[in-house]
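Text of the file data_32.cif, holding mmCIF, C-alpha atoms:
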```cif
data_run
loop_
_atom_site.label_atom_id
_atom_site.label_comp_id
_atom_site.auth_asym_id
_atom_site.auth_seq_id
_atom_site.Cartn_x
_atom_site.Cartn_y
_atom_site.Cartn_z
CA MET A 50 11.03 5.12 25.44
CA ARG A 51 7.64 3.66 26.29
CA SER A 52 7.41 1.74 29.56
CA ASP A 53 5.85 -1.33 27.91
CA GLN A 54 8.86 -1.84 25.65
CA ASP A 55 11.81 -4.11 26.28
CA PRO A 56 14.97 -1.90 26.53
CA ASP A 57 17.27 -4.47 24.88
CA ILE A 58 14.98 -4.98 21.91
CA ARG A 59 14.49 -1.23 21.70
CA ARG A 60 18.28 -0.75 21.60
CA LEU A 61 18.59 -3.42 18.91
CA PHE A 62 16.15 -1.50 16.70
CA ALA A 63 17.86 1.84 17.46
CA GLU A 64 21.24 0.42 16.38
CA GLN A 65 19.88 -0.60 12.99
CA GLU A 66 21.48 1.16 10.03
CA ARG A 67 19.10 3.72 8.52
CA SER A 68 18.76 4.24 4.78
CA ARG A 69 19.88 7.55 3.26
CA PRO A 70 17.96 9.65 0.72
CA SER A 71 18.78 8.24 -2.69
CA ASP A 72 18.66 10.15 -6.00
CA ASP A 73 18.51 6.82 -7.80
CA PHE A 74 15.34 5.96 -5.90
CA MET A 75 13.77 9.27 -7.00
CA LEU A 76 14.92 8.73 -10.60
CA GLN A 77 13.48 5.20 -10.75
CA LEU A 78 10.22 6.39 -9.19
CA GLY A 79 9.93 9.23 -11.73
CA LYS A 80 10.40 6.75 -14.57
CA ARG A 81 7.78 4.40 -13.13
CA ILE A 82 5.26 7.22 -12.70
CA ASP A 83 5.81 8.36 -16.31
CA ALA A 84 5.54 4.78 -17.60
CA ARG A 85 2.32 4.20 -15.67
CA GLN A 86 0.79 7.47 -16.92
CA ARG A 87 1.75 6.54 -20.50
CA ALA A 88 0.22 3.09 -20.08
CA ARG A 89 -2.96 4.62 -18.66
CA ARG A 90 -3.24 7.01 -21.61
CA VAL A 91 -2.71 4.17 -24.12
CA ASN A 92 -5.28 1.99 -22.31
CA GLY A 93 -7.77 4.88 -22.34
CA VAL A 94 -7.34 5.42 -26.08
CA LEU A 95 -7.65 1.65 -26.73
CA ALA A 96 -10.78 1.43 -24.56
CA ILE A 97 -12.44 4.35 -26.39
CA ALA A 98 -11.49 2.88 -29.79
CA GLY A 99 -12.81 -0.53 -28.71
CA CYS A 100 -16.10 0.98 -27.53
CA LEU A 101 -16.49 2.86 -30.82
CA VAL A 102 -15.90 -0.31 -32.86
CA LEU A 103 -18.22 -2.35 -30.64
CA SER A 104 -20.98 0.26 -30.80
CA ALA A 105 -20.63 0.55 -34.58
CA VAL A 106 -20.83 -3.22 -35.03
CA SER A 107 -23.69 -3.77 -32.59
CA ALA A 108 -25.70 -0.65 -33.51
CA PRO A 109 -28.21 -2.49 -35.78
CA TRP A 110 -28.99 -5.12 -33.10
CA ILE A 111 -29.26 -2.52 -30.36
CA ALA A 112 -31.65 -0.47 -32.52
CA GLN A 113 -33.73 -3.58 -33.22
CA ILE A 114 -33.92 -4.56 -29.54
CA ALA A 115 -34.70 -0.98 -28.50
CA SER A 116 -37.52 -0.70 -31.04
CA ALA A 117 -38.94 -4.07 -29.89
CA LEU A 118 -38.86 -2.86 -26.27
CA VAL A 119 -40.55 0.38 -27.20
CA ASP A 120 -43.23 -1.65 -29.05
CA PHE A 121 -43.75 -3.90 -26.00
CA THR A 122 -44.03 -0.90 -23.69
CA ALA A 123 -46.47 0.86 -25.99
CA ALA A 124 -48.52 -2.34 -26.27
CA GLY A 125 -48.45 -2.72 -22.48
CA VAL A 126 -49.72 0.78 -21.98
CA ARG A 127 -52.54 0.17 -24.50
CA GLY A 128 -53.70 -3.25 -23.34
CA PRO A 129 -53.51 -5.28 -20.13
CA MET A 130 -52.19 -8.37 -21.97
CA GLN A 131 -48.72 -6.85 -22.41
CA ALA A 132 -48.62 -5.13 -19.00
CA PRO A 133 -46.01 -7.47 -17.37
CA VAL A 134 -43.56 -6.91 -20.22
CA ALA A 135 -44.12 -3.16 -20.02
CA TRP A 136 -43.39 -3.18 -16.27
CA LEU A 137 -40.29 -5.28 -16.93
CA VAL A 138 -39.02 -2.65 -19.37
CA VAL A 139 -39.80 0.20 -16.97
CA GLY A 140 -38.15 -1.70 -14.07
CA ALA A 141 -35.03 -2.48 -16.11
CA THR A 142 -34.74 1.18 -17.08
CA VAL A 143 -35.01 2.32 -13.45
CA VAL A 144 -32.48 -0.31 -12.27
CA GLY A 145 -30.15 0.62 -15.12
CA TRP A 146 -30.16 4.27 -14.11
CA SER A 147 -29.91 3.64 -10.36
CA PRO A 148 -26.04 3.55 -10.23
CA VAL A 149 -25.96 6.91 -12.03
CA VAL A 150 -28.51 8.39 -9.61
CA TYR A 151 -26.60 6.92 -6.63
CA LEU A 152 -23.27 8.38 -7.80
CA TRP A 153 -24.90 11.73 -8.48
CA ARG A 154 -26.71 11.87 -5.13
CA THR A 155 -23.62 10.85 -3.09
CA GLY A 156 -21.36 13.30 -4.92
CA ARG A 157 -19.03 10.55 -6.18
CA TRP A 158 -19.70 11.21 -9.86
CA MET B 1222 12.75 13.56 -11.03
CA ASN B 1223 14.78 16.73 -11.15
CA PRO B 1224 14.35 19.41 -8.50
CA GLY B 1225 12.59 22.34 -10.17
CA PRO B 1226 12.86 26.05 -9.30
CA SER B 1227 10.17 25.67 -6.63
CA ALA B 1228 12.08 22.86 -4.88
CA GLY B 1229 13.77 25.32 -2.47
CA ILE B 1230 10.49 26.94 -1.44
CA LEU B 1231 8.80 23.57 -1.07
CA GLY B 1232 11.71 22.27 0.99
CA SER B 1233 10.97 24.76 3.75
CA ALA B 1234 7.17 24.61 3.45
CA ALA B 1235 4.97 22.98 6.08
CA GLU B 1236 4.06 19.41 5.25
CA ALA B 1237 0.30 20.03 5.16
CA SER B 1238 0.80 22.77 2.53
CA VAL B 1239 2.98 20.49 0.40
CA VAL B 1240 0.36 17.73 0.66
CA VAL B 1241 -2.39 20.16 -0.44
CA LEU B 1242 -0.30 21.11 -3.49
CA ALA B 1243 0.44 17.47 -4.32
CA ARG B 1244 -3.26 16.66 -3.94
CA ALA B 1245 -3.98 19.30 -6.58
CA GLY B 1246 -1.64 17.42 -8.95
CA ASP B 1247 1.59 19.40 -8.41
CA ARG B 1248 4.36 16.97 -9.33
CA ALA B 1249 7.11 19.07 -7.69
CA ALA B 1250 5.19 19.00 -4.39
CA PHE B 1251 4.83 15.23 -4.66
CA GLU B 1252 8.58 14.92 -5.31
CA GLU B 1253 9.20 16.94 -2.16
CA LEU B 1254 6.99 14.53 -0.21
CA VAL B 1255 8.95 11.59 -1.64
CA ARG B 1256 12.20 13.30 -0.62
CA ARG B 1257 10.90 13.78 2.93
CA HIS B 1258 9.39 10.34 3.41
CA GLN B 1259 11.47 7.94 1.32
CA CYS B 1260 13.83 7.00 4.18
CA PRO B 1261 11.18 6.12 6.81
CA VAL B 1262 9.15 4.17 4.23
CA ARG B 1263 12.20 2.26 2.96
CA ASP B 1264 13.37 1.51 6.52
CA LEU B 1265 9.94 0.22 7.51
CA LEU B 1266 9.75 -2.03 4.46
CA ARG B 1267 13.34 -3.24 4.91
CA SER B 1268 12.47 -4.41 8.41
CA LEU B 1269 9.31 -6.11 7.17
CA CYS B 1270 10.84 -7.74 4.05
CA ARG B 1271 14.42 -8.26 5.30
CA ASN B 1272 15.54 -7.70 1.71
CA ALA B 1273 16.79 -4.25 0.68
CA VAL B 1274 16.10 -4.60 -3.07
CA LEU B 1275 12.58 -5.91 -2.56
CA ALA B 1276 11.94 -3.24 0.09
CA ASP B 1277 12.95 -0.45 -2.32
CA ASP B 1278 10.71 -1.94 -5.00
CA LEU B 1279 7.77 -2.02 -2.56
CA ALA B 1280 8.62 1.54 -1.43
CA GLN B 1281 8.33 2.68 -5.05
CA GLU B 1282 5.02 0.84 -5.38
CA THR B 1283 3.89 2.62 -2.20
CA PHE B 1284 4.72 6.05 -3.68
CA LEU B 1285 3.06 5.11 -6.97
CA GLN B 1286 -0.12 4.28 -5.04
CA CYS B 1287 0.33 7.52 -3.12
CA TRP B 1288 0.53 9.56 -6.35
CA ALA B 1289 -2.50 7.76 -7.79
CA HIS B 1290 -4.71 8.18 -4.70
CA ILE B 1291 -3.46 11.32 -2.97
CA GLY B 1292 -6.56 13.13 -4.24
CA SER B 1293 -8.68 10.97 -1.91
CA LEU B 1294 -6.70 11.99 1.21
CA ARG B 1295 -9.07 14.21 3.21
CA ALA B 1296 -6.77 15.33 6.04
CA PRO B 1297 -3.34 16.60 4.83
CA GLU B 1298 -1.94 16.41 8.37
CA ALA B 1299 -2.54 12.64 8.36
CA PHE B 1300 -0.30 12.13 5.34
CA GLY B 1301 2.49 10.31 7.23
CA ALA B 1302 0.12 7.77 8.80
CA TRP B 1303 -1.70 7.31 5.48
CA LEU B 1304 1.58 6.68 3.65
CA ARG B 1305 2.63 4.14 6.28
CA THR B 1306 -0.68 2.32 5.80
CA LEU B 1307 -0.04 2.26 2.03
CA ALA B 1308 3.41 0.77 2.68
CA ILE B 1309 1.94 -1.91 4.96
CA ASN B 1310 -0.68 -2.73 2.33
CA ALA B 1311 2.00 -2.97 -0.39
CA TRP B 1312 3.95 -5.42 1.78
CA ARG B 1313 0.83 -7.47 2.59
CA GLN B 1314 -0.07 -7.60 -1.10
CA HIS B 1315 3.44 -8.83 -1.85
CA LEU B 1316 3.05 -11.54 0.83
CA ARG B 1317 -0.25 -12.66 -0.70
CA ARG B 1318 1.31 -12.85 -4.17
CA ALA B 1319 4.32 -14.71 -2.77
CA THR B 1320 2.01 -17.19 -1.04
CA VAL B 1321 -0.05 -17.71 -4.19
CA PHE B 1322 3.01 -18.33 -6.34
CA GLY B 1323 4.71 -20.45 -3.69
CA LYS B 1324 7.67 -18.15 -3.22
CA LEU B 1325 7.53 -18.19 0.58
CA ALA B 1326 9.59 -21.37 0.80
CA GLU B 1327 12.21 -19.70 -1.37
CA LEU B 1328 12.25 -16.59 0.87
CA LYS B 1329 12.62 -18.74 3.99
CA THR B 1330 15.63 -20.47 2.46
CA VAL B 1331 17.25 -17.07 1.84
CA ASP B 1332 16.54 -16.07 5.45
CA GLN B 1333 18.27 -19.13 6.81
CA VAL B 1334 21.50 -18.33 4.97
CA THR B 1335 22.11 -15.38 7.31
CA SER B 1336 22.95 -16.65 10.75
CA PRO B 1337 22.77 -14.39 13.82
CA MET B 1338 26.19 -15.72 14.79
CA SER B 1339 27.80 -14.82 11.47
CA THR B 1340 28.23 -11.17 12.44
CA GLU B 1341 29.68 -9.40 15.44
CA ARG B 1342 26.30 -7.88 16.26
CA LEU B 1343 23.01 -9.77 16.35
CA ASP B 1344 21.42 -9.57 12.92
CA LEU B 1345 18.02 -8.06 13.59
CA ASN B 1346 16.82 -9.13 10.15
CA TYR B 1347 17.52 -12.74 11.07
CA ALA B 1348 15.72 -12.34 14.38
CA LEU B 1349 12.70 -10.74 12.70
CA GLY B 1350 12.65 -13.62 10.22
CA ALA B 1351 11.80 -15.93 13.10
CA LEU B 1352 8.49 -14.10 13.62
CA SER B 1353 5.30 -14.67 11.65
CA PRO B 1354 4.38 -11.77 9.30
CA ASN B 1355 1.66 -10.25 11.50
CA VAL B 1356 3.74 -10.55 14.69
CA ARG B 1357 6.72 -9.00 12.86
CA LEU B 1358 4.51 -6.19 11.57
CA CYS B 1359 3.27 -5.32 15.08
CA VAL B 1360 6.77 -5.54 16.61
CA VAL B 1361 8.32 -3.34 13.90
CA LEU B 1362 5.55 -0.74 14.14
CA SER B 1363 5.89 -0.66 17.92
CA TYR B 1364 9.70 -0.67 18.32
CA GLN B 1365 10.93 0.91 15.10
CA GLU B 1366 8.11 3.34 14.34
CA GLY B 1367 7.32 4.03 17.99
CA MET B 1368 3.59 3.64 17.42
CA SER B 1369 1.13 3.07 20.27
CA HIS B 1370 -1.10 -0.01 20.35
CA GLY B 1371 -4.06 2.11 19.23
CA GLU B 1372 -2.14 3.53 16.30
CA ILE B 1373 -1.05 0.03 15.24
CA THR B 1374 -4.67 -1.12 15.42
CA ALA B 1375 -5.70 1.77 13.17
CA ALA B 1376 -2.85 1.18 10.70
CA THR B 1377 -3.16 -2.60 10.42
CA GLY B 1378 -6.86 -3.21 11.03
CA LEU B 1379 -5.97 -5.86 13.63
CA PRO B 1380 -8.01 -5.91 16.89
CA LEU B 1381 -6.36 -4.22 19.91
CA GLY B 1382 -6.08 -7.48 21.87
CA THR B 1383 -4.40 -9.20 18.92
CA VAL B 1384 -1.93 -6.33 18.55
CA LYS B 1385 -1.01 -6.53 22.25
CA SER B 1386 -0.56 -10.31 22.17
CA HIS B 1387 1.45 -10.14 18.91
CA ILE B 1388 3.83 -7.58 20.44
CA ALA B 1389 4.19 -9.59 23.67
CA ARG B 1390 4.80 -12.83 21.73
CA GLY B 1391 7.23 -11.13 19.32
CA THR B 1392 9.16 -9.49 22.17
CA ALA B 1393 9.44 -12.81 24.01
CA ARG B 1394 10.71 -14.56 20.87
CA LEU B 1395 13.25 -11.79 20.17
CA ARG B 1396 14.46 -12.00 23.77
CA GLU B 1397 14.96 -15.77 23.35
CA ILE B 1398 17.04 -15.18 20.21
CA LEU B 1399 19.00 -12.42 21.94
CA ALA B 1400 19.73 -14.68 24.94
CA GLU B 1401 20.78 -17.50 22.61
CA TYR B 1402 23.08 -15.09 20.77
CA ASN B 1403 24.60 -13.74 24.00
CA SER B 1404 25.33 -17.23 25.35
CA SER B 1405 26.87 -18.16 22.00
CA CYS B 1406 29.11 -15.06 22.18
CA GLU B 1407 30.18 -15.99 25.72
CA ARG B 1408 31.04 -19.54 24.64
CA THR B 1409 33.12 -18.17 21.77
CA SER B 1410 35.04 -15.74 24.02
CA HIS B 1411 35.72 -18.53 26.59
CA ALA B 1412 37.04 -20.80 23.86
CA GLN B 1413 39.47 -18.09 22.73
#
```
Output the file's structure as structure tokens, nothing else.
Amino acid sequence: MRSDQDPDIRRLFAEQERSRPSDDFMLQLGKRIDARQRARRVNGVLAIAGCLVLSAVSAPWIAQIASALVDFTAAGVRGPMQAPVAWLVVGATVVGWSPVVYLWRTGRW
Amino acid sequence: MNPGPSAGILGSAAEASVVVLARAGDRAAFEELVRRHQCPVRDLLRSLCRNAVLADDLAQETFLQCWAHIGSLRAPEAFGAWLRTLAINAWRQHLRRATVFGKLAELKTVDQVTSPMSTERLDLNYALGALSPNVRLCVVLSYQEGMSHGEITAATGLPLGTVKSHIARGTARLREILAEYNSSCERTSHAQ
């Protein structure tokens, strides 16, 4: 017993009934782990399917935007009039990749 | 969860080795850890919740979190302390949810049904119900788990001074309840 503890309170805690190992607890836990793993698998499949549908639907717009950005960048490289837009595109690309670089550099990928 | 053929070997294995196996995704090793730690975790949560059914539910949530995040545990020898922290976090999360959904008033009503005088021995659950959650947490970790002030600070994230004052305040309050209970017992025996 530690000297800073009250002996009566300590005794009160020591007299408390302790729980016993329960097979039912293990069984319930096993079921919950299986259910959670199943749910995670289903969510993963749904997320992949959703991403595929979204990318298929938005592919034309993404292609259009990407080609416009490439045009802007090319124009910016050719002439000073478009330079700010070109830098914006370059900056956005660097910022967009920075989480990937960070995760890779810190080994958390 | 049925004990597999390796259950006997795992049963006698050192805890750090079992943790390393569980960390690698071995379900049988994890089951062995649950077998070893379910009683302390359930007892801790029973003292914190003062409700056996809720405590078992939170204990299961604790082990679910453990299974999900055991890969991130760097030091296998610290498994017990880590698991206890998970249990404390599960209880705190439950308290937050209960506060948000206004269930605390309901819980307090349930607490008041059990009187310390209704049993032959002082009902510790009743006495603990008289303490605020953080004070109760520090008192239970100190008296039931036998943790030092420093260990409680590490497990709860509370400053050392706060832990010390919570334990002192909680002990004083429990002593008051104990004295009240003892005088009530004496009055009853005199009346008989």
Expansion of the PyMOL selection byres ((chain A) within 12 of (chain B)) into residues, as an MDAnalysis selection string: chainID A and resid 50:86 89 157
Would you write out, as a ChimeraX atom specification, every residue that the PyMOL selection byres ((chain B and resi 1383) around 12) captures in this file? /B:1355-1356,1358-1360,1370-1371,1373-1374,1377-1382,1384-1391
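Atom CA of Trp1312 of chain B is found 25.4 Å from atom CA of Arg87 of chain A.
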First collect every listed atom of segment 112-117 of chain A; then fit an axis-aligned box around them, widen it by 8 Å on each side, and give centre and edge lengths in Å to one decimal, as lines of an AutoDock Vina configuration file.
```
center_x = -35.3
center_y = -2.5
center_z = -30.9
size_x = 23.3
size_y = 20.1
size_z = 20.7
```
To one decimal place in Å, what is the distance between atom CA of Glu1253 of chain B and atom CA of Arg1295 of chain B?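 Rounded to one decimal, the two atoms are 19.2 Å apart.
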Let me make sure I understand: among B:Val1239, B:Ala1319, B:Ile1398, B:Ala1234, which one has the smallest atom-to-atom distance to Leu1254 of chain B if we use all atoms listed in the file?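 Looking at the shortest contact to Leu1254 of chain B, the residue is B:Val1239.
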Could you pull the residues within 12 Å of segment 141-149 of chain A, counting only C-alpha atoms, minus those fewer than 5 positions along the same chain, as a ChimeraX atom specification? /A:115,118-119,122,134-136,154-158
Just checking: using all atoms listed in the file, which residue out of B:Ala1235, B:Leu1266, B:Ile1291, B:Ala1351 ends up closest to Arg1305 of chain B? B:Leu1266
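From atom CA of Ala1376 of chain B back to atom CA of Arg1317 of chain B, the distance works out to 18.1 Å.
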Between B:Ala1302, B:Ala1250, B:Ala1243, B:Ala1375, which is the closest to His1290 of chain B once you count only C-alpha atoms?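 Of B:Ala1302, B:Ala1250, B:Ala1243, B:Ala1375, the one nearest His1290 of chain B, counting only C-alpha atoms, is B:Ala1243.
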Since the input has fewer atoms than a full residue there, write segment 1242-1274 of chain B out with N, CA and C atoms, as a short mmCIF file (atom, residue, chain, number, x, y, z; two decimals), keeping the file's coordinate frame.
```cif
data_model
loop_
_atom_site.label_atom_id
_atom_site.label_comp_id
_atom_site.auth_asym_id
_atom_site.auth_seq_id
_atom_site.Cartn_x
_atom_site.Cartn_y
_atom_site.Cartn_z
N LEU B 1242 -0.76 20.87 -2.12
CA LEU B 1242 -0.30 21.11 -3.49
C LEU B 1242 -0.22 19.81 -4.29
N ALA B 1243 0.32 18.77 -3.65
CA ALA B 1243 0.44 17.47 -4.32
C ALA B 1243 -0.94 16.90 -4.65
N ARG B 1244 -1.88 17.13 -3.74
CA ARG B 1244 -3.26 16.66 -3.94
C ARG B 1244 -3.89 17.32 -5.16
N ALA B 1245 -3.45 18.57 -5.42
CA ALA B 1245 -3.98 19.30 -6.58
C ALA B 1245 -3.26 18.89 -7.86
N GLY B 1246 -2.32 17.93 -7.76
CA GLY B 1246 -1.64 17.42 -8.95
C GLY B 1246 -0.27 18.03 -9.22
N ASP B 1247 0.27 18.78 -8.25
CA ASP B 1247 1.59 19.40 -8.41
C ASP B 1247 2.68 18.33 -8.24
N ARG B 1248 3.35 18.04 -9.34
CA ARG B 1248 4.36 16.97 -9.33
C ARG B 1248 5.57 17.34 -8.46
N ALA B 1249 5.96 18.63 -8.49
CA ALA B 1249 7.11 19.07 -7.69
C ALA B 1249 6.82 18.89 -6.20
N ALA B 1250 5.58 19.18 -5.80
CA ALA B 1250 5.19 19.00 -4.39
C ALA B 1250 5.24 17.53 -4.02
N PHE B 1251 4.79 16.68 -4.94
CA PHE B 1251 4.83 15.23 -4.66
C PHE B 1251 6.28 14.76 -4.52
N GLU B 1252 7.16 15.28 -5.39
CA GLU B 1252 8.58 14.92 -5.31
C GLU B 1252 9.17 15.34 -3.97
N GLU B 1253 8.74 16.48 -3.47
CA GLU B 1253 9.20 16.94 -2.16
C GLU B 1253 8.74 15.97 -1.07
N LEU B 1254 7.50 15.49 -1.19
CA LEU B 1254 6.99 14.53 -0.21
C LEU B 1254 7.80 13.22 -0.26
N VAL B 1255 8.14 12.81 -1.49
CA VAL B 1255 8.95 11.59 -1.64
C VAL B 1255 10.31 11.80 -0.97
N ARG B 1256 10.90 12.99 -1.21
CA ARG B 1256 12.20 13.30 -0.62
C ARG B 1256 12.12 13.22 0.91
N ARG B 1257 11.03 13.74 1.47
CA ARG B 1257 10.90 13.78 2.93
C ARG B 1257 10.63 12.40 3.53
N HIS B 1258 9.88 11.57 2.79
CA HIS B 1258 9.39 10.34 3.41
C HIS B 1258 10.05 9.07 2.89
N GLN B 1259 10.94 9.18 1.90
CA GLN B 1259 11.47 7.94 1.32
C GLN B 1259 12.25 7.11 2.35
N CYS B 1260 13.02 7.76 3.23
CA CYS B 1260 13.83 7.00 4.18
C CYS B 1260 12.98 6.23 5.20
N PRO B 1261 12.01 6.89 5.86
CA PRO B 1261 11.18 6.12 6.81
C PRO B 1261 10.43 4.97 6.14
N VAL B 1262 9.91 5.22 4.92
CA VAL B 1262 9.15 4.17 4.23
C VAL B 1262 10.08 3.01 3.86
N ARG B 1263 11.26 3.32 3.35
CA ARG B 1263 12.20 2.26 2.96
C ARG B 1263 12.68 1.48 4.19
N ASP B 1264 12.93 2.19 5.29
CA ASP B 1264 13.37 1.51 6.52
C ASP B 1264 12.29 0.57 7.05
N LEU B 1265 11.05 1.06 7.04
CA LEU B 1265 9.94 0.22 7.51
C LEU B 1265 9.85 -1.05 6.67
N LEU B 1266 9.91 -0.87 5.34
CA LEU B 1266 9.75 -2.03 4.46
C LEU B 1266 10.97 -2.96 4.52
N ARG B 1267 12.14 -2.39 4.77
CA ARG B 1267 13.34 -3.24 4.91
C ARG B 1267 13.21 -4.14 6.14
N SER B 1268 12.65 -3.59 7.21
CA SER B 1268 12.47 -4.41 8.41
C SER B 1268 11.42 -5.48 8.19
N LEU B 1269 10.39 -5.14 7.40
CA LEU B 1269 9.31 -6.11 7.17
C LEU B 1269 9.74 -7.18 6.17
N CYS B 1270 10.46 -6.78 5.11
CA CYS B 1270 10.84 -7.74 4.05
C CYS B 1270 12.15 -8.45 4.36
N ARG B 1271 13.06 -7.79 5.04
CA ARG B 1271 14.42 -8.26 5.30
C ARG B 1271 15.18 -8.48 3.99
N ASN B 1272 14.88 -7.62 3.01
CA ASN B 1272 15.54 -7.70 1.71
C ASN B 1272 15.52 -6.28 1.12
N ALA B 1273 16.71 -5.67 1.03
CA ALA B 1273 16.79 -4.25 0.68
C ALA B 1273 16.23 -3.96 -0.72
N VAL B 1274 16.53 -4.84 -1.68
CA VAL B 1274 16.10 -4.60 -3.07
C VAL B 1274 14.57 -4.68 -3.17
#
```
